[in-house]
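Undergrad: Here you go, this is my_file-v1.cif (mmCIF, C-alpha atoms).
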data_my_file
#
loop_
_atom_site.label_atom_id
_atom_site.label_comp_id
_atom_site.auth_asym_id
_atom_site.auth_seq_id
_atom_site.Cartn_x
_atom_site.Cartn_y
_atom_site.Cartn_z
CA GLN A 20 51.00 105.02 80.39
CA VAL A 21 54.62 104.95 81.50
CA GLN A 22 55.69 107.74 83.82
CA LEU A 23 59.11 108.60 85.23
CA VAL A 24 59.27 110.74 88.36
CA GLU A 25 62.60 112.29 89.23
CA SER A 26 63.78 113.96 92.41
CA GLY A 27 66.94 115.12 94.14
CA GLY A 28 68.28 118.00 92.10
CA GLY A 29 69.25 121.33 93.59
CA LEU A 30 72.00 123.82 94.31
CA VAL A 31 75.25 122.67 95.87
CA GLN A 32 78.74 124.06 96.31
CA ALA A 33 81.68 122.59 94.45
CA GLY A 34 82.91 119.48 96.24
CA GLY A 35 79.47 118.68 97.56
CA SER A 36 77.15 115.78 96.89
CA LEU A 37 73.66 115.15 95.58
CA ARG A 38 71.60 112.03 95.04
CA LEU A 39 69.11 111.79 92.20
CA SER A 40 66.36 109.22 92.04
CA CYS A 41 63.88 108.21 89.35
CA THR A 42 60.94 105.85 89.71
CA ALA A 43 59.14 104.32 86.76
CA SER A 44 55.47 103.40 86.86
CA PRO A 45 53.37 101.34 86.54
CA SER A 46 55.11 98.79 88.73
CA TRP A 47 54.65 95.99 86.18
CA PHE A 48 56.54 97.95 83.53
CA ALA A 49 59.23 95.64 82.14
CA ILE A 50 62.46 97.57 82.14
CA ASN A 51 65.76 96.73 80.50
CA ALA A 52 68.33 99.52 80.98
CA MET A 53 68.00 102.60 83.17
CA GLY A 54 70.21 105.63 83.03
CA TRP A 55 70.90 109.30 83.50
CA TYR A 56 71.67 111.90 80.85
CA ARG A 57 72.40 115.58 81.22
CA GLN A 58 72.06 118.68 79.10
CA ALA A 59 73.77 121.98 79.81
CA PRO A 60 72.45 125.20 78.23
CA GLY A 61 73.31 125.36 74.55
CA LYS A 62 74.74 121.84 74.49
CA GLN A 63 73.51 118.43 73.43
CA ARG A 64 72.17 115.84 75.82
CA ASP A 65 74.91 113.42 76.84
CA MET A 66 74.97 110.10 78.66
CA VAL A 67 76.14 110.28 82.25
CA ALA A 68 75.64 106.71 83.44
CA VAL A 69 73.65 103.63 82.45
CA ILE A 70 72.87 100.41 84.33
CA THR A 71 71.41 97.25 82.87
CA THR A 72 69.05 94.78 84.48
CA GLY A 73 72.09 92.67 85.32
CA SER A 74 73.72 95.69 87.01
CA SER A 75 76.36 96.20 84.37
CA THR A 76 77.30 99.91 84.41
CA THR A 77 78.71 102.42 81.95
CA TYR A 78 79.92 105.91 82.86
CA ALA A 79 80.95 108.98 80.97
CA ASP A 80 84.68 109.57 81.39
CA SER A 81 84.01 112.94 83.02
CA VAL A 82 82.17 111.38 85.98
CA LYS A 83 84.09 108.16 86.55
CA GLY A 84 85.19 107.84 90.16
CA ARG A 85 82.78 110.57 91.30
CA PHE A 86 79.30 109.34 90.33
CA THR A 87 77.70 105.99 91.11
CA ILE A 88 74.57 104.62 89.45
CA SER A 89 72.47 101.94 91.11
CA ARG A 90 68.98 100.52 90.77
CA ASP A 91 66.30 98.78 92.78
CA ASN A 92 64.52 96.43 90.42
CA PHE A 93 61.68 95.77 92.87
CA LYS A 94 60.93 99.49 93.09
CA ASN A 95 61.65 100.24 89.40
CA THR A 96 63.94 102.98 90.69
CA VAL A 97 67.35 104.18 89.53
CA TYR A 98 69.67 106.34 91.61
CA LEU A 99 72.63 108.55 90.80
CA GLN A 100 74.94 109.38 93.68
CA MET A 101 77.03 112.39 92.71
CA ASN A 102 80.08 113.21 94.81
CA SER A 103 82.87 115.75 94.41
CA LEU A 104 80.62 117.86 92.23
CA LYS A 105 82.21 120.43 89.94
CA PRO A 106 80.74 123.57 88.33
CA GLU A 107 80.95 121.80 84.96
CA ASP A 108 78.44 119.23 86.27
CA THR A 109 75.79 121.95 86.19
CA ALA A 110 72.99 120.82 83.86
CA ASP A 111 69.49 119.48 83.64
CA TYR A 112 69.60 115.77 84.44
CA TYR A 113 67.17 113.41 82.73
CA CYS A 114 66.23 109.90 83.70
CA ASN A 115 66.00 107.42 80.82
CA VAL A 116 64.40 104.01 80.81
CA ARG A 117 64.53 101.55 77.95
CA ASP A 118 61.96 98.78 77.88
CA GLN A 119 62.52 95.24 76.72
CA VAL A 120 61.54 96.02 73.12
CA GLY A 121 63.85 99.00 72.86
CA HIS A 122 61.49 101.91 73.45
CA ASP A 123 62.98 104.87 75.35
CA TYR A 124 61.15 106.89 77.98
CA TRP A 125 62.33 110.15 79.55
CA GLY A 126 61.73 111.95 82.79
CA GLN A 127 60.87 115.63 82.98
CA GLY A 128 64.37 116.60 84.08
CA THR A 129 65.78 117.87 87.34
CA GLN A 130 68.15 120.80 87.60
CA VAL A 131 71.56 120.47 89.21
CA THR A 132 73.56 123.63 89.84
CA VAL A 133 77.08 123.52 91.26
CA SER A 134 78.48 126.82 92.45
CA SER A 135 82.22 127.53 92.53
#
Before we go any further, please render this structure as structure tokens.
TA:
Amino acid sequence: QVQLVESGGGLVQAGGSLRLSCTASPSWFAINAMGWYRQAPGKQRDMVAVITTGSSTTYADSVKGRFTISRDNFKNTVYLQMNSLKPEDTADYYCNVRDQVGHDYWGQGTQVTVSS
């Protein structure tokens, strides 16, 4: 059974930084793309950043220049470095992994709160 374990959320002041991580298991799980999505209260879940196996990245316009996604293929882990955080970044952040046949898997979510 595929499991995604997230960590790194929390409370931070505006302008601060946080780093999220997500590890997929089992270790032999064949992953294609990995990414982060977020959902604020009362809003839909939106893509934040995605990285492919070849390290091609896509970012939401609202986070370009502030967030950086990276991955360690040996550890099946994806990271999201979030800098210059703004109150509007407050949301639950979800890790997403897509396998090589197109199935999506989701983490349990980690809360990020940015105070003004």
Undergrad: Between CA of Met66 (chain A) and CA of Asp123 (chain A), what is the distance, to one decimal in Å?
TA: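 Value for the CA of Met66 (chain A)-CA of Asp123 (chain A) distance: 13.5 Å.
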Undergrad: Would you work out the distance separating CA of Leu39 (chain A) from CA of Thr71 (chain A), expressed in Å to one decimal?
TA: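 Computing the Euclidean distance for CA of Leu39 (chain A) and CA of Thr71 (chain A) yields 17.4 Å.
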Undergrad: If you count all atoms listed in the file, which residues fall within 7 Å of Tyr112 (chain A), apart from same-chain ones fewer than 4 positions away, as a ChimeraX atom specification?
TA: /A:55-58,128-131
Undergrad: How far is it from CA of Val67 (chain A) to CA of Val97 (chain A), in Å with one decimal?
TA: 12.9 Å
Undergrad: What residues come out when you apply the PyMOL selection byres ((chain A and resi 47) around 12) to this file, written as a list of chain:residue names?
TA: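 With the shown file as input, the PyMOL selection byres ((chain A and resi 47) around 12) matches A:Gln20, A:Val21, A:Ala43, A:Ser44, A:Pro45, A:Ser46, A:Phe48, A:Ala49, A:Ile50, A:Asn92, A:Phe93, A:Lys94, A:Asn95, A:Asp118.
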Undergrad: The PyMOL selection byres ((chain A and resi 41) around 6) - which residues does that actually catch in the file I just gave you? List them as a list in words.
TA: Val24, Glu25, Ser40, Thr42, Thr96 and Val97 of chain A
Undergrad: Just say which residues the PyMOL selection byres ((chain A and resi 53) around 7) picks in this file, as JSON, numbers by chain.
TA: {"A": [51, 52, 54, 69, 70, 71, 97, 115, 116, 117]}
Undergrad: Do you know which residues are at most 7 Å from region 80-86 of chain A counting all atoms listed in the file, after dropping those on the same chain fewer than 6 positions away, and could you put them as a ChimeraX atom specification?
TA: /A:99-103
Undergrad: Looking at only C-alpha atoms, which of A:Ser89, A:Thr77, A:Lys105, A:Ala110 is the one that sits closest to Gly35 (chain A)?
TA: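 Closest to Gly35 (chain A) of all the choices is A:Lys105.
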Undergrad: Find the residue from A:Tyr113, A:Trp125, A:Tyr98, A:Tyr78 that sits nearest to Leu23 (chain A); use all atoms listed in the file when measuring.
TA: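 Among the listed residues, A:Trp125 lies closest to Leu23 (chain A).
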Undergrad: Any chance you could work out the axis-aligned box around region 98-104 of chain A, listed atoms only, 6 Å on each side, giving centre and edge lengths in Å to one decimal, as AutoDock Vina command-line options?
TA:
--center_x 76.3 --center_y 112.1 --center_z 92.8 --size_x 25.2 --size_y 23.5 --size_z 16.0
